[in-house]
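The structure appears below as structure tokens.
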Amino acid sequence: MSERILIDGFSRRVDYLRMSVTDRCDFRCVYCMAEDMQFLPRQRVLTLEEIYQVAESFVALGTRKIRLTGGEPLIRKGVVQLCEKIAALPGLRELCMTTNGSQLAKLARPLFEAGVKRLNISLDCLDPQRFRELTRTGDLAQVIKGIDAANHAGFRNTKLNCVVMKGRNDHEINDLVSFAIERNLDISFIEEMPLGVINEHSRAESFFSSSQVRDRIAERYTLIESAESTQGPSRYWRLAEAPQIRLGFISPHSHNFCGTCNRVRLTVEGRLLLCLGNEHSADLKAVLRSHPGQPERLEKAIIEAMKLKPYRHSFEVNDEVQVVRFMNMTGG
Ligand code: SAM
Ligand code: SF4
């Protein structure tokens with residue numbers, strides 16, 4: 001039988017699925033959530049079995065990489081067993097996870113043993129008090145313990161994710177780079193995206209572009225542009241002083257990366273989102289619940305949804321909310 005693959009209306013192959021396994025989180029990062037966030041009632045959320053069925057259908061349709069995210073994926077009960085089942089799907093090359101690190105001290109080893117290949121861990125600053133301010137509830141020491149536990153458990157090519165905000169953490173950029181070098185971690189700097197209504201700060205005022213981040217790094221290190229790609233939105237650079245680590249820049253504002261987009265996202269409500277910056281979606285929960293035990297119905301719905309994938313997002317740097325969804329709903 002010939003290989004089955006997913007192709008969108010612009011001839012792009014879609015082989016990367018990001019799945020949000022919960023909208024809930026133990027942090028309330030200022031750029032991601034409102035302080036009094038309302039979470040979904042349980043019956044609207046996919047069960048772990050339903051999440052697995054969606055993963056299974058995507059892998060049958062040629063998906064090679066799955067990333068579990070959220071909300072905070074590690075606070076969903078049963079997530080390690082879910083990882084074990086997804087990692088075992090024949091044809092899947094890589095199961096990855098994006099986490100805030102708060103639970104890694106105890107879960108890094110079970111995750112590694114379950115077959116998770118790579119972790120992205122969010123870390124926006126290294127000052128405990130500021131960390132608490134930016135996450136509203138987070139404990140920096142616990143997250144650093146988690147990062148070290150991931151290294152000890154055997155994870156390699158772990159990447160730190162850092163959202164940079166002017167006046168909040170931009171002065172810590174080079175300390176974060178040093179931290180990454182000391183622990184042999186890659187690090188990506190992300191421009192803040194206008195997802196969801198937040199009142200805590202003005203996204204326009206806090207905007208700090210990737211090129212400003214590079215200027216700051218150039219005050220301490222020598223940056224070398226690299227042609228490497230992981231097929232994602234990151235552009236990579238290396239440092240003459242520490243060539244073993246990679247610096248990524250995710251710049252939805254200053255660099256549009258849509259032309260080579262290979263990914264789609266599943267919200268924890270079972271909505272398949274075809275683009276981070278648009279509302280085009282397909283309701284897979286309805287298909288799962290009206291045709292239980294019929295993977296062919298799910299596969300058909302997924303194949304048809306590809307036609308809805310728009311060519312590009314259109315984020316602008318201003319305070320207008322262009323997408324009402326919050327990142328924790330979207331599966332960042
Ligand atoms: N809770 C996990 C974490 O923080 O890593 C996974 C989910 S979180 C939504 C995934 C990533 O999205 C994190 O690296 C976070 O920093 C980033 N993020 C959240 N809101 C964002 C926004 N408005 N703009 C840019 N990145 C954002
Ligand atoms: Fe939670 Fe991650 Fe959003 Fe922070 S960025 S509030 S850790 S989901």
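Letters A, B, ... mark the chains of the structure tokens in the order given; residue numbers begin at 1 per chain; ligand numbers begin at 1, in order shown.
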Discussion item. Could you list, as JSON, numbers by chain, all protein and nucleic acid residues with an atom at most 10 Å from ligand 2, counting only C-alpha atoms and all ligand atoms?
Written reply: {"A": [20, 22, 23, 24, 25, 26, 27, 28, 29, 30, 31, 32, 33, 34, 35, 37, 69, 70, 71, 72, 73, 98, 99, 100, 101, 102, 121, 122, 123, 124, 134, 135, 136, 137, 138, 161, 162, 163, 326, 327, 328, 329, 330, 331, 332]}
Worksheet item: Which residues, written as JSON, numbers by chain, have at least one atom at most 7 Å from segment 176-184 of chain A, with only C-alpha atoms counted and residues fewer than 6 positions away on the same chain left out?
Response: {"A": [125, 242, 245]}
Once you have the residues from the selection above, write them out as a PDB file, in the first residue's frame, restricted to N, CA, C and O atoms.
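To be explicit, this is the file written out as again_20.pdb:
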```pdb
ATOM      1  N   CYS A 125      12.938  33.989  33.032  1.00  0.00           N
ATOM      2  CA  CYS A 125      13.881  34.794  33.808  1.00  0.00           C
ATOM      3  C   CYS A 125      14.511  33.968  34.909  1.00  0.00           C
ATOM      4  O   CYS A 125      14.066  32.852  35.183  1.00  0.00           O
ATOM      5  N   ALA A 242      30.419  29.405  22.262  1.00  0.00           N
ATOM      6  CA  ALA A 242      29.783  28.159  22.755  1.00  0.00           C
ATOM      7  C   ALA A 242      29.038  27.510  21.598  1.00  0.00           C
ATOM      8  O   ALA A 242      27.807  27.462  21.577  1.00  0.00           O
ATOM      9  N   ILE A 245      25.663  24.921  21.518  1.00  0.00           N
ATOM     10  CA  ILE A 245      24.222  25.149  21.693  1.00  0.00           C
ATOM     11  C   ILE A 245      23.673  25.993  20.546  1.00  0.00           C
ATOM     12  O   ILE A 245      24.407  26.722  19.879  1.00  0.00           O
TER      13      ILE A 245
END
```
Worksheet item: Leaving out segment 257-266 of chain A and any residue of its chain fewer than 3 positions from it, which residues lie within 9 Å of it when counting only C-alpha atoms, given as an MDAnalysis selection string?
Response: chainID A and resid 12:21 51 54 231:234 250:252 269:276 284 309 311:313 330:332
Worksheet item: Counting only C-alpha atoms and all ligand atoms, which of A:Ser202, A:Thr63, A:Gln212, A:Ser290 gets nearest to ligand 1?
Response: A:Ser202
